[in-house]
$ cat input-v6.pdb   # PDB, C-alpha atoms and all ligand atoms
ATOM      1  CA  MET R   1       2.255  10.806 -23.520  1.00  0.00           C
ATOM      2  CA  SER R   2       2.929  12.773 -20.327  1.00  0.00           C
ATOM      3  CA  ILE R   3       6.255  14.510 -19.677  1.00  0.00           C
ATOM      4  CA  ALA R   4       6.946  12.011 -16.884  1.00  0.00           C
ATOM      5  CA  SER R   5       6.404   8.928 -19.019  1.00  0.00           C
ATOM      6  CA  LEU R   6       8.325  10.577 -21.852  1.00  0.00           C
ATOM      7  CA  LEU R   7      11.281  11.056 -19.492  1.00  0.00           C
ATOM      8  CA  ASP R   8      10.981   7.395 -18.498  1.00  0.00           C
ATOM      9  CA  VAL R   9      11.600   6.524 -22.128  1.00  0.00           C
ATOM     10  CA  ILE R  10      14.363   9.056 -22.809  1.00  0.00           C
ATOM     11  CA  LEU R  11      16.388   8.777 -19.607  1.00  0.00           C
ATOM     12  CA  PRO R  12      18.312   5.558 -19.018  1.00  0.00           C
ATOM     13  CA  PRO R  13      16.773   3.677 -16.066  1.00  0.00           C
ATOM     14  CA  ALA R  14      18.463   4.143 -12.719  1.00  0.00           C
ATOM     15  CA  CYS R  15      18.047   2.961  -9.133  1.00  0.00           C
ATOM     16  CA  ALA R  16      15.325   5.117  -7.583  1.00  0.00           C
ATOM     17  CA  ALA R  17      17.124   5.137  -4.242  1.00  0.00           C
ATOM     18  CA  CYS R  18      20.796   5.824  -5.117  1.00  0.00           C
ATOM     19  CA  GLY R  19      20.758   6.781  -8.808  1.00  0.00           C
ATOM     20  CA  LEU R  20      23.009   3.940  -9.981  1.00  0.00           C
ATOM     21  CA  PRO R  21      22.299   3.387 -13.680  1.00  0.00           C
ATOM     22  CA  GLY R  22      20.523   0.090 -14.347  1.00  0.00           C
ATOM     23  CA  ALA R  23      17.608  -1.517 -12.527  1.00  0.00           C
ATOM     24  CA  ALA R  24      14.823   0.456 -10.810  1.00  0.00           C
ATOM     25  CA  ALA R  25      16.375  -0.710  -7.533  1.00  0.00           C
ATOM     26  CA  CYS R  26      20.023  -1.789  -7.550  1.00  0.00           C
ATOM     27  CA  ALA R  27      21.173  -4.948  -5.759  1.00  0.00           C
ATOM     28  CA  ALA R  28      22.739  -2.991  -2.891  1.00  0.00           C
ATOM     29  CA  CYS R  29      19.562  -0.968  -2.260  1.00  0.00           C
ATOM     30  CA  ARG R  30      17.416  -4.117  -2.443  1.00  0.00           C
ATOM     31  CA  ASP R  31      19.715  -5.681   0.160  1.00  0.00           C
ATOM     32  CA  ALA R  32      19.391  -2.558   2.305  1.00  0.00           C
ATOM     33  CA  LEU R  33      15.586  -2.901   2.485  1.00  0.00           C
ATOM     34  CA  GLU R  34      14.677  -3.835   6.041  1.00  0.00           C
ATOM     35  CA  PRO R  35      12.503  -6.970   6.190  1.00  0.00           C
ATOM     36  CA  LEU R  36       9.818  -7.411   8.847  1.00  0.00           C
ATOM     37  CA  PRO R  37      10.775 -10.713  10.455  1.00  0.00           C
ATOM     38  CA  PRO R  38       8.137 -13.157  11.794  1.00  0.00           C
ATOM     39  CA  PRO R  39       6.261 -13.768  13.954  1.00  0.00           C
ATOM     40  CA  TRP R  40       3.707 -11.133  12.993  1.00  0.00           C
ATOM     41  CA  CYS R  41       0.604  -9.789  14.696  1.00  0.00           C
ATOM     42  CA  GLY R  42      -2.318 -11.710  13.146  1.00  0.00           C
ATOM     43  CA  GLY R  43      -4.228  -8.457  12.761  1.00  0.00           C
ATOM     44  CA  CYS R  44      -1.909  -5.763  11.412  1.00  0.00           C
ATOM     45  CA  GLY R  45       1.279  -7.627  10.499  1.00  0.00           C
ATOM     46  CA  ALA R  46       3.532  -5.910  13.053  1.00  0.00           C
ATOM     47  CA  PRO R  47       6.619  -7.929  13.961  1.00  0.00           C
ATOM     48  CA  VAL R  48       5.935  -9.146  17.526  1.00  0.00           C
ATOM     49  CA  PRO R  49       7.928 -11.245  20.051  1.00  0.00           C
ATOM     50  CA  VAL R  50       5.234 -13.951  20.176  1.00  0.00           C
ATOM     51  CA  PRO R  51       2.306 -14.533  17.764  1.00  0.00           C
ATOM     52  CA  VAL R  52      -0.837 -12.661  18.844  1.00  0.00           C
ATOM     53  CA  PRO R  53      -4.210 -12.240  17.077  1.00  0.00           C
ATOM     54  CA  ARG R  54      -4.142  -8.459  17.712  1.00  0.00           C
ATOM     55  CA  CYS R  55      -1.651  -5.951  19.106  1.00  0.00           C
ATOM     56  CA  ALA R  56      -1.576  -2.371  20.342  1.00  0.00           C
ATOM     57  CA  ALA R  57      -0.878  -1.135  16.785  1.00  0.00           C
ATOM     58  CA  CYS R  58      -4.004  -2.819  15.323  1.00  0.00           C
ATOM     59  CA  ARG R  59      -6.690  -0.504  13.934  1.00  0.00           C
ATOM     60  CA  GLY R  60     -10.144  -1.629  12.884  1.00  0.00           C
ATOM     61  CA  ARG R  61     -11.265  -5.128  11.963  1.00  0.00           C
ATOM     62  CA  ILE R  62      -8.533  -6.299   9.585  1.00  0.00           C
ATOM     63  CA  ALA R  63      -7.183  -9.836   9.712  1.00  0.00           C
ATOM     64  CA  GLY R  64      -3.890 -11.093   8.348  1.00  0.00           C
ATOM     65  CA  ALA R  65      -2.534  -7.772   7.110  1.00  0.00           C
ATOM     66  CA  ARG R  66       1.057  -7.868   5.873  1.00  0.00           C
ATOM     67  CA  GLN R  67       3.724  -5.462   4.709  1.00  0.00           C
ATOM     68  CA  ALA R  68       6.888  -6.390   2.821  1.00  0.00           C
ATOM     69  CA  VAL R  69       9.468  -4.093   4.419  1.00  0.00           C
ATOM     70  CA  ALA R  70       9.933  -1.338   6.987  1.00  0.00           C
ATOM     71  CA  TYR R  71       9.515   2.237   5.723  1.00  0.00           C
ATOM     72  CA  SER R  72      13.209   2.931   6.272  1.00  0.00           C
ATOM     73  CA  GLY R  73      16.486   2.793   4.374  1.00  0.00           C
ATOM     74  CA  PRO R  74      15.819   2.908   0.601  1.00  0.00           C
ATOM     75  CA  ALA R  75      12.059   2.160   0.953  1.00  0.00           C
ATOM     76  CA  PRO R  76      10.866   5.813   1.149  1.00  0.00           C
ATOM     77  CA  ALA R  77      12.835   6.656  -2.020  1.00  0.00           C
ATOM     78  CA  LEU R  78      11.256   3.764  -3.924  1.00  0.00           C
ATOM     79  CA  VAL R  79       7.772   4.940  -2.890  1.00  0.00           C
ATOM     80  CA  ALA R  80       8.595   8.575  -3.703  1.00  0.00           C
ATOM     81  CA  ALA R  81       9.818   7.579  -7.170  1.00  0.00           C
ATOM     82  CA  LEU R  82       6.351   6.191  -7.874  1.00  0.00           C
ATOM     83  CA  LYS R  83       4.229   8.838  -6.130  1.00  0.00           C
ATOM     84  CA  ASP R  84       6.239  12.033  -6.532  1.00  0.00           C
ATOM     85  CA  ASP R  85       8.438  11.393  -9.581  1.00  0.00           C
ATOM     86  CA  ARG R  86       5.587   9.472 -11.251  1.00  0.00           C
ATOM     87  CA  ARG R  87       7.766   6.584 -12.343  1.00  0.00           C
ATOM     88  CA  ARG R  88       4.828   4.240 -12.982  1.00  0.00           C
ATOM     89  CA  GLY R  89       7.161   1.316 -13.629  1.00  0.00           C
ATOM     90  CA  MET R  90       8.060   1.353  -9.926  1.00  0.00           C
ATOM     91  CA  ALA R  91       4.655  -0.229  -9.176  1.00  0.00           C
ATOM     92  CA  ALA R  92       5.812  -3.497 -10.749  1.00  0.00           C
ATOM     93  CA  LEU R  93       8.976  -3.442  -8.636  1.00  0.00           C
ATOM     94  CA  LEU R  94       7.055  -2.768  -5.409  1.00  0.00           C
ATOM     95  CA  ALA R  95       4.623  -5.600  -6.265  1.00  0.00           C
ATOM     96  CA  GLU R  96       7.530  -7.936  -6.990  1.00  0.00           C
ATOM     97  CA  LEU R  97       9.091  -7.073  -3.621  1.00  0.00           C
ATOM     98  CA  ILE R  98       5.732  -7.631  -1.876  1.00  0.00           C
ATOM     99  CA  ALA R  99       5.194 -10.996  -3.578  1.00  0.00           C
ATOM    100  CA  ALA R 100       8.727 -12.054  -2.622  1.00  0.00           C
ATOM    101  CA  SER R 101       7.786 -11.983   1.071  1.00  0.00           C
ATOM    102  CA  VAL R 102       3.990 -12.174   1.232  1.00  0.00           C
ATOM    103  CA  PRO R 103       2.216 -15.308  -0.090  1.00  0.00           C
ATOM    104  CA  ALA R 104      -0.788 -14.853  -2.375  1.00  0.00           C
ATOM    105  CA  PRO R 105      -4.153 -14.516  -0.637  1.00  0.00           C
ATOM    106  CA  PRO R 106      -6.480 -17.537  -0.819  1.00  0.00           C
ATOM    107  CA  PRO R 107      -8.541 -17.972  -4.017  1.00  0.00           C
ATOM    108  CA  GLY R 108     -11.679 -15.840  -3.911  1.00  0.00           C
ATOM    109  CA  VAL R 109      -9.931 -12.838  -2.387  1.00  0.00           C
ATOM    110  CA  VAL R 110     -10.224  -9.652  -4.452  1.00  0.00           C
ATOM    111  CA  LEU R 111      -7.509  -6.957  -4.353  1.00  0.00           C
ATOM    112  CA  VAL R 112      -9.053  -3.559  -3.551  1.00  0.00           C
ATOM    113  CA  PRO R 113      -6.788  -0.510  -3.950  1.00  0.00           C
ATOM    114  CA  VAL R 114      -7.110   2.317  -1.427  1.00  0.00           C
ATOM    115  CA  PRO R 115      -8.650   5.072  -3.585  1.00  0.00           C
ATOM    116  CA  LEU R 116      -7.337   8.587  -4.040  1.00  0.00           C
ATOM    117  CA  GLY R 117      -9.598  11.579  -3.960  1.00  0.00           C
ATOM    118  CA  PRO R 118     -10.346  13.061  -7.400  1.00  0.00           C
ATOM    119  CA  CYS R 119      -8.115  16.119  -6.840  1.00  0.00           C
ATOM    120  CA  ARG R 120      -5.039  14.117  -5.892  1.00  0.00           C
ATOM    121  CA  ALA R 121      -5.702  11.569  -8.656  1.00  0.00           C
ATOM    122  CA  ARG R 122      -5.922  14.389 -11.216  1.00  0.00           C
ATOM    123  CA  ALA R 123      -2.773  16.051  -9.903  1.00  0.00           C
ATOM    124  CA  ARG R 124      -0.736  12.840  -9.988  1.00  0.00           C
ATOM    125  CA  GLY R 125      -2.395  11.365 -13.057  1.00  0.00           C
ATOM    126  CA  PHE R 126      -2.823   7.936 -11.491  1.00  0.00           C
ATOM    127  CA  ASN R 127      -3.540   6.121  -8.230  1.00  0.00           C
ATOM    128  CA  GLN R 128      -0.324   4.424  -7.099  1.00  0.00           C
ATOM    129  CA  SER R 129      -2.302   1.877  -5.044  1.00  0.00           C
ATOM    130  CA  LEU R 130      -4.249   0.807  -8.147  1.00  0.00           C
ATOM    131  CA  LEU R 131      -0.999   0.381 -10.110  1.00  0.00           C
ATOM    132  CA  ILE R 132       0.463  -1.744  -7.296  1.00  0.00           C
ATOM    133  CA  ALA R 133      -2.779  -3.787  -7.074  1.00  0.00           C
ATOM    134  CA  ARG R 134      -2.712  -4.473 -10.831  1.00  0.00           C
ATOM    135  CA  ALA R 135       0.934  -5.550 -10.670  1.00  0.00           C
ATOM    136  CA  LEU R 136       0.163  -7.756  -7.654  1.00  0.00           C
ATOM    137  CA  SER R 137      -2.727  -9.248  -9.601  1.00  0.00           C
ATOM    138  CA  ARG R 138      -0.205 -10.370 -12.219  1.00  0.00           C
ATOM    139  CA  GLU R 139       2.078 -11.795  -9.497  1.00  0.00           C
ATOM    140  CA  TRP R 140      -0.675 -13.585  -7.587  1.00  0.00           C
ATOM    141  CA  GLY R 141      -3.410 -14.325 -10.107  1.00  0.00           C
ATOM    142  CA  ARG R 142      -6.091 -12.587  -8.025  1.00  0.00           C
ATOM    143  CA  PRO R 143      -8.551 -10.069  -9.506  1.00  0.00           C
ATOM    144  CA  VAL R 144      -8.578  -6.322  -8.784  1.00  0.00           C
ATOM    145  CA  ALA R 145     -11.786  -4.424  -8.038  1.00  0.00           C
ATOM    146  CA  GLU R 146     -11.972  -0.678  -7.450  1.00  0.00           C
ATOM    147  CA  ALA R 147     -14.653  -1.314  -4.861  1.00  0.00           C
ATOM    148  CA  LEU R 148     -14.107   1.860  -2.829  1.00  0.00           C
ATOM    149  CA  VAL R 149     -14.324   5.578  -3.472  1.00  0.00           C
ATOM    150  CA  ARG R 150     -12.916   8.410  -1.396  1.00  0.00           C
ATOM    151  CA  VAL R 151     -15.808  10.631  -0.406  1.00  0.00           C
ATOM    152  CA  ARG R 152     -13.703  13.170   1.466  1.00  0.00           C
ATOM    153  CA  GLU R 153     -10.247  14.254   0.420  1.00  0.00           C
ATOM    154  CA  GLY R 154      -7.632  14.257   3.191  1.00  0.00           C
ATOM    155  CA  ALA R 155      -4.359  16.138   3.271  1.00  0.00           C
ATOM    156  CA  ASP R 156      -1.267  14.221   2.227  1.00  0.00           C
ATOM    157  CA  GLN R 157      -0.771  11.941   5.194  1.00  0.00           C
ATOM    158  CA  ARG R 158       2.995  11.975   5.047  1.00  0.00           C
ATOM    159  CA  GLY R 159       4.058  14.412   7.727  1.00  0.00           C
ATOM    160  CA  ALA R 160       0.677  14.730   9.406  1.00  0.00           C
ATOM    161  CA  ARG R 161       0.620  13.854  13.075  1.00  0.00           C
ATOM    162  CA  ALA R 162      -0.933  10.513  14.053  1.00  0.00           C
ATOM    163  CA  THR R 163      -3.947  11.986  15.829  1.00  0.00           C
ATOM    164  CA  ALA R 164      -4.708  14.350  12.972  1.00  0.00           C
ATOM    165  CA  ARG R 165      -4.368  11.437  10.543  1.00  0.00           C
ATOM    166  CA  ALA R 166      -6.865   9.327  12.459  1.00  0.00           C
ATOM    167  CA  ARG R 167      -9.374  12.186  12.268  1.00  0.00           C
ATOM    168  CA  GLN R 168      -8.774  12.746   8.563  1.00  0.00           C
ATOM    169  CA  ALA R 169      -9.287   9.114   7.658  1.00  0.00           C
ATOM    170  CA  SER R 170     -12.500   8.648   9.617  1.00  0.00           C
ATOM    171  CA  GLY R 171     -15.471   8.389   7.260  1.00  0.00           C
ATOM    172  CA  ALA R 172     -13.424   9.271   4.179  1.00  0.00           C
ATOM    173  CA  PHE R 173     -14.338   6.159   2.165  1.00  0.00           C
ATOM    174  CA  ALA R 174     -17.474   4.464   0.844  1.00  0.00           C
ATOM    175  CA  ALA R 175     -18.155   1.300  -1.129  1.00  0.00           C
ATOM    176  CA  ARG R 176     -19.096   1.697  -4.774  1.00  0.00           C
ATOM    177  CA  ALA R 177     -22.621   0.732  -5.795  1.00  0.00           C
ATOM    178  CA  GLY R 178     -22.933  -2.898  -6.863  1.00  0.00           C
ATOM    179  CA  ALA R 179     -22.068  -6.214  -5.283  1.00  0.00           C
ATOM    180  CA  PRO R 180     -19.162  -5.907  -2.830  1.00  0.00           C
ATOM    181  CA  PRO R 181     -16.413  -8.562  -2.927  1.00  0.00           C
ATOM    182  CA  ALA R 182     -17.084 -11.427  -0.500  1.00  0.00           C
ATOM    183  CA  ALA R 183     -13.473 -11.286   0.696  1.00  0.00           C
ATOM    184  CA  ALA R 184     -10.939  -8.549   0.038  1.00  0.00           C
ATOM    185  CA  TRP R 185      -7.350  -7.522   0.618  1.00  0.00           C
ATOM    186  CA  LEU R 186      -6.851  -3.768   0.656  1.00  0.00           C
ATOM    187  CA  VAL R 187      -3.760  -2.635  -1.256  1.00  0.00           C
ATOM    188  CA  ASP R 188      -1.764   0.498  -0.397  1.00  0.00           C
ATOM    189  CA  ASP R 189       1.824   1.656  -0.816  1.00  0.00           C
ATOM    190  CA  VAL R 190       2.574   2.474   2.831  1.00  0.00           C
ATOM    191  CA  ARG R 191       0.870   1.589   6.118  1.00  0.00           C
ATOM    192  CA  THR R 192       1.326   4.593   8.392  1.00  0.00           C
ATOM    193  CA  THR R 193      -0.953   4.324  11.436  1.00  0.00           C
ATOM    194  CA  GLY R 194      -3.438   1.876   9.959  1.00  0.00           C
ATOM    195  CA  ALA R 195      -6.227   4.455  10.218  1.00  0.00           C
ATOM    196  CA  THR R 196      -6.758   4.624   6.438  1.00  0.00           C
ATOM    197  CA  LEU R 197      -6.882   0.840   6.096  1.00  0.00           C
ATOM    198  CA  ALA R 198      -9.273   0.610   9.061  1.00  0.00           C
ATOM    199  CA  ASP R 199     -11.572   3.175   7.487  1.00  0.00           C
ATOM    200  CA  CYS R 200     -11.510   1.349   4.127  1.00  0.00           C
ATOM    201  CA  ALA R 201     -12.239  -1.955   5.882  1.00  0.00           C
ATOM    202  CA  ARG R 202     -15.182  -0.363   7.699  1.00  0.00           C
ATOM    203  CA  ALA R 203     -16.654   0.855   4.393  1.00  0.00           C
ATOM    204  CA  LEU R 204     -16.269  -2.573   2.757  1.00  0.00           C
ATOM    205  CA  ARG R 205     -17.785  -4.391   5.738  1.00  0.00           C
ATOM    206  CA  ALA R 206     -20.701  -1.977   5.843  1.00  0.00           C
ATOM    207  CA  ALA R 207     -21.375  -2.905   2.202  1.00  0.00           C
ATOM    208  CA  GLY R 208     -21.310  -6.615   3.004  1.00  0.00           C
ATOM    209  CA  THR R 209     -17.717  -7.800   2.512  1.00  0.00           C
ATOM    210  CA  GLY R 210     -16.931 -10.568   5.003  1.00  0.00           C
ATOM    211  CA  ALA R 211     -13.213 -10.914   5.609  1.00  0.00           C
ATOM    212  CA  VAL R 212     -10.960  -7.906   4.996  1.00  0.00           C
ATOM    213  CA  GLY R 213      -7.171  -8.176   4.945  1.00  0.00           C
ATOM    214  CA  ALA R 214      -4.562  -5.750   3.689  1.00  0.00           C
ATOM    215  CA  VAL R 215      -1.185  -5.691   2.021  1.00  0.00           C
ATOM    216  CA  CYS R 216       1.201  -2.755   1.735  1.00  0.00           C
ATOM    217  CA  PHE R 217       4.730  -2.400   0.447  1.00  0.00           C
ATOM    218  CA  ALA R 218       6.109  -0.723   3.571  1.00  0.00           C
ATOM    219  CA  ARG R 219       5.221  -0.217   7.205  1.00  0.00           C
ATOM    220  CA  VAL R 220       6.031   2.908   9.201  1.00  0.00           C
ATOM    221  CA  PRO R 221       7.346   1.667  12.558  1.00  0.00           C
ATOM    222  CA  GLU R 222       5.108   2.511  15.502  1.00  0.00           C
ATOM    223  CA  GLY R 223       5.981   5.754  17.253  1.00  0.00           C
ATOM    224  CA  SER R 224       8.077   7.152  14.396  1.00  0.00           C
ATOM    225  CA  ALA R 225       7.145  10.428  12.735  1.00  0.00           C
ATOM    226  CA  ARG R 226       7.391  10.289   8.970  1.00  0.00           C
TER     227      ARG R 226
HETATM  228 ZN    ZN C   1      20.583   1.787  -5.416  1.00  0.00          ZN
HETATM  229 ZN    ZN C   2      -1.466  -5.679  15.289  1.00  0.00          ZN
END
$ encode --input "input-v6.pdb" --output "structure tokens" --more "lines below"
Ligand SMILES: [Zn+2]
Ligand SMILES: [Zn+2]
Amino acid sequence: MSIASLLDVILPPACAACGLPGAAACAACRDALEPLPPPWCGGCGAPVPVPVPRCAACRGRIAGARQAVAYSGPAPALVAALKDDRRRGMAALLAELIAASVPAPPPGVVLVPVPLGPCRARARGFNQSLLIARALSREWGRPVAEALVRVREGADQRGARATARARQASGAFAARAGAPPAAAWLVDDVRTTGATLADCARALRAAGTGAVGAVCFARVPEGSAR
């Protein structure tokens, strides 16, 4: 058992955003999460004034992407609790919050987590996107396939500038050997610029996947520096 998971057992559970003893996210912090109201861009899931198939924020060929909440208010703390504090149980909460606002993909769609590079995966001990995908699989009844690998390790994207991020993500992923899923939804914790998702979608399509969608817990608003 790792120190982190040992602490999970010893310490009483508390809200990851405000520290209130009890649930992983208290009622007040759940209420403070900022929803992304419809209508959404049919490509990237951005809230838009009128429904459009694609918008200026769209990257790559992804259809019907959705995110549950804006990356604001308590959302960054919930993500950090999973990624930085290694509270693995947070993945189930993030999946529950996603499933509360995003309907399950059609039958036949496979959930594909955005992979971590081996160094980051070793350092953290797990891939948060895989944990979220597995929890979503329980919510939605859709299978998970680790169909992608990261062939080039990027810097932590939080804090990197948008242009640098787009460069880092380009060509960083490849499909695993074997039959690719016919239809897939990429799963990640946070959509920043969409460059990572676009690169993953490109790798899946190159391997033969037809339709590629995506679902993330939170969306960084366009033009904001994280
Ligand atoms: Zn709270
Ligand atoms: Zn869009």
$ resolve_selection --input "input-v6.pdb" --expression "the PyMOL selection byres (((not hetatm)) within 7 of (chain C and resi 1))" --output "MDAnalysis selection string"
chainID R and resid 15:20 25:29
$ write_last_selection --input "input-v6.pdb" --atoms "C-alpha atoms" --output "PDB file, keeping the file's coordinate frame"
ATOM      1  CA  CYS R  15      18.047   2.961  -9.133  1.00  0.00           C
ATOM      2  CA  ALA R  16      15.325   5.117  -7.583  1.00  0.00           C
ATOM      3  CA  ALA R  17      17.124   5.137  -4.242  1.00  0.00           C
ATOM      4  CA  CYS R  18      20.796   5.824  -5.117  1.00  0.00           C
ATOM      5  CA  GLY R  19      20.758   6.781  -8.808  1.00  0.00           C
ATOM      6  CA  LEU R  20      23.009   3.940  -9.981  1.00  0.00           C
ATOM      7  CA  ALA R  25      16.375  -0.710  -7.533  1.00  0.00           C
ATOM      8  CA  CYS R  26      20.023  -1.789  -7.550  1.00  0.00           C
ATOM      9  CA  ALA R  27      21.173  -4.948  -5.759  1.00  0.00           C
ATOM     10  CA  ALA R  28      22.739  -2.991  -2.891  1.00  0.00           C
ATOM     11  CA  CYS R  29      19.562  -0.968  -2.260  1.00  0.00           C
TER      12      CYS R  29
END
$ residues_near_ligand --input "input-v6.pdb" --ligand "ligand ZN 2 (chain C)" --cutoff "7 Å" --atoms "all atoms listed in the file" --output "ChimeraX atom specification"
/R:41-46,54-58
$ residues_around --input "input-v6.pdb" --residues "Gly89 in chain R" --least-positions-apart "3" --cutoff "9 Å" --atoms "all atoms listed in the file" --output "count of residues only"
7
$ resolve_selection --input "input-v6.pdb" --expression "the PyMOL selection byres (((chain R and resi 136) around 9) and not hetatm)" --output "PDB file with C-alpha atoms, keeping the file's coordinate frame"
ATOM      1  CA  ALA R  91       4.655  -0.229  -9.176  1.00  0.00           C
ATOM      2  CA  ALA R  92       5.812  -3.497 -10.749  1.00  0.00           C
ATOM      3  CA  LEU R  94       7.055  -2.768  -5.409  1.00  0.00           C
ATOM      4  CA  ALA R  95       4.623  -5.600  -6.265  1.00  0.00           C
ATOM      5  CA  GLU R  96       7.530  -7.936  -6.990  1.00  0.00           C
ATOM      6  CA  ILE R  98       5.732  -7.631  -1.876  1.00  0.00           C
ATOM      7  CA  ALA R  99       5.194 -10.996  -3.578  1.00  0.00           C
ATOM      8  CA  ALA R 104      -0.788 -14.853  -2.375  1.00  0.00           C
ATOM      9  CA  LEU R 111      -7.509  -6.957  -4.353  1.00  0.00           C
ATOM     10  CA  LEU R 131      -0.999   0.381 -10.110  1.00  0.00           C
ATOM     11  CA  ILE R 132       0.463  -1.744  -7.296  1.00  0.00           C
ATOM     12  CA  ALA R 133      -2.779  -3.787  -7.074  1.00  0.00           C
ATOM     13  CA  ARG R 134      -2.712  -4.473 -10.831  1.00  0.00           C
ATOM     14  CA  ALA R 135       0.934  -5.550 -10.670  1.00  0.00           C
ATOM     15  CA  SER R 137      -2.727  -9.248  -9.601  1.00  0.00           C
ATOM     16  CA  ARG R 138      -0.205 -10.370 -12.219  1.00  0.00           C
ATOM     17  CA  GLU R 139       2.078 -11.795  -9.497  1.00  0.00           C
ATOM     18  CA  TRP R 140      -0.675 -13.585  -7.587  1.00  0.00           C
ATOM     19  CA  GLY R 141      -3.410 -14.325 -10.107  1.00  0.00           C
ATOM     20  CA  ARG R 142      -6.091 -12.587  -8.025  1.00  0.00           C
ATOM     21  CA  VAL R 144      -8.578  -6.322  -8.784  1.00  0.00           C
TER      22      VAL R 144
END
$ atom_distance --input "input-v6.pdb" --atom1 "CA of Pro181 in chain R" --atom2 "CA of Val114 in chain R"
14.4 Å
$ residues_around --input "input-v6.pdb" --residues "Gly178 in chain R" --least-positions-apart "2" --cutoff "12 Å" --atoms "all atoms listed in the file" --output "VMD selection string"
chain R and resid 145 to 148 174 to 176 180 to 181 204 207 to 209
$ residues_near_point --input "input-v6.pdb" --point "(10.3, 1.2, 6.1)" --cutoff "6 Å" --atoms "all atoms listed in the file" --output "PDB file with C-alpha atoms, keeping the file's coordinate frame"
ATOM      1  CA  VAL R  69       9.468  -4.093   4.419  1.00  0.00           C
ATOM      2  CA  ALA R  70       9.933  -1.338   6.987  1.00  0.00           C
ATOM      3  CA  TYR R  71       9.515   2.237   5.723  1.00  0.00           C
ATOM      4  CA  SER R  72      13.209   2.931   6.272  1.00  0.00           C
ATOM      5  CA  ALA R  75      12.059   2.160   0.953  1.00  0.00           C
ATOM      6  CA  ALA R 218       6.109  -0.723   3.571  1.00  0.00           C
ATOM      7  CA  ARG R 219       5.221  -0.217   7.205  1.00  0.00           C
ATOM      8  CA  VAL R 220       6.031   2.908   9.201  1.00  0.00           C
TER       9      VAL R 220
END
$ atom_distance --input "input-v6.pdb" --atom1 "CA of Gln67 in chain R" --atom2 "CA of Leu116 in chain R"
19.9 Å
$ atom_distance --input "input-v6.pdb" --atom1 "CA of Ala179 in chain R" --atom2 "CA of Val151 in chain R"
18.6 Å
$ axis_aligned_box --input "input-v6.pdb" --around "range 76-94 of chain R" --padding-each-side "6 Å" --output "AutoDock Vina command-line options"
--center_x 8.5 --center_y 4.3 --center_z -6.2 --size_x 20.6 --size_y 27.5 --size_z 26.8
$ residues_around --input "input-v6.pdb" --residues "Pro118 in chain R" --least-positions-apart "6" --cutoff "10 Å" --atoms "all atoms listed in the file" --output "VMD selection string"
chain R and resid 124 to 127 149 to 153
$ resolve_selection --input "input-v6.pdb" --expression "the PyMOL selection byres (((chain R and resi 194) around 10) and not hetatm)" --output "list in words"
Cys44, Ala57, Cys58, Arg59, Gly60, Ile62, Ala162, Arg165, Ala166, Ala169, Val190, Arg191, Thr192, Thr193, Ala195, Thr196, Leu197, Ala198, Asp199, Cys200, Ala214, Arg219 and Val220 of chain R
$ build_atoms --input "input-v6.pdb" --residues "range 175-186 of chain R" --atoms "N, CA and C atoms" --output "PDB file, keeping the file's coordinate frame"
ATOM      1  N   ALA R 175     -18.163   2.343  -0.110  1.00  0.00           N
ATOM      2  CA  ALA R 175     -18.155   1.300  -1.129  1.00  0.00           C
ATOM      3  C   ALA R 175     -18.886   1.800  -2.366  1.00  0.00           C
ATOM      4  N   ARG R 176     -18.400   1.389  -3.529  1.00  0.00           N
ATOM      5  CA  ARG R 176     -19.096   1.697  -4.774  1.00  0.00           C
ATOM      6  C   ARG R 176     -20.409   0.928  -4.819  1.00  0.00           C
ATOM      7  N   ALA R 177     -21.368   1.455  -5.586  1.00  0.00           N
ATOM      8  CA  ALA R 177     -22.621   0.732  -5.795  1.00  0.00           C
ATOM      9  C   ALA R 177     -22.314  -0.593  -6.488  1.00  0.00           C
ATOM     10  N   GLY R 178     -23.155  -1.590  -6.255  1.00  0.00           N
ATOM     11  CA  GLY R 178     -22.933  -2.898  -6.863  1.00  0.00           C
ATOM     12  C   GLY R 178     -22.518  -3.899  -5.808  1.00  0.00           C
ATOM     13  N   ALA R 179     -22.367  -5.148  -6.232  1.00  0.00           N
ATOM     14  CA  ALA R 179     -22.068  -6.214  -5.283  1.00  0.00           C
ATOM     15  C   ALA R 179     -20.656  -6.043  -4.734  1.00  0.00           C
ATOM     16  N   PRO R 180     -20.505  -6.016  -3.408  1.00  0.00           N
ATOM     17  CA  PRO R 180     -19.162  -5.907  -2.830  1.00  0.00           C
ATOM     18  C   PRO R 180     -18.453  -7.261  -2.927  1.00  0.00           C
ATOM     19  N   PRO R 181     -17.116  -7.276  -2.943  1.00  0.00           N
ATOM     20  CA  PRO R 181     -16.413  -8.562  -2.927  1.00  0.00           C
ATOM     21  C   PRO R 181     -16.710  -9.307  -1.624  1.00  0.00           C
ATOM     22  N   ALA R 182     -16.815 -10.638  -1.706  1.00  0.00           N
ATOM     23  CA  ALA R 182     -17.084 -11.427  -0.500  1.00  0.00           C
ATOM     24  C   ALA R 182     -15.899 -11.374   0.451  1.00  0.00           C
ATOM     25  N   ALA R 183     -14.694 -11.372  -0.110  1.00  0.00           N
ATOM     26  CA  ALA R 183     -13.473 -11.286   0.696  1.00  0.00           C
ATOM     27  C   ALA R 183     -12.490 -10.393  -0.041  1.00  0.00           C
ATOM     28  N   ALA R 184     -11.804  -9.538   0.689  1.00  0.00           N
ATOM     29  CA  ALA R 184     -10.939  -8.549   0.038  1.00  0.00           C
ATOM     30  C   ALA R 184      -9.636  -8.365   0.799  1.00  0.00           C
ATOM     31  N   TRP R 185      -8.592  -8.047   0.045  1.00  0.00           N
ATOM     32  CA  TRP R 185      -7.350  -7.522   0.618  1.00  0.00           C
ATOM     33  C   TRP R 185      -7.195  -6.107   0.104  1.00  0.00           C
ATOM     34  N   LEU R 186      -7.144  -5.141   1.040  1.00  0.00           N
ATOM     35  CA  LEU R 186      -6.851  -3.768   0.656  1.00  0.00           C
ATOM     36  C   LEU R 186      -5.392  -3.675   0.218  1.00  0.00           C
TER      37      LEU R 186
END
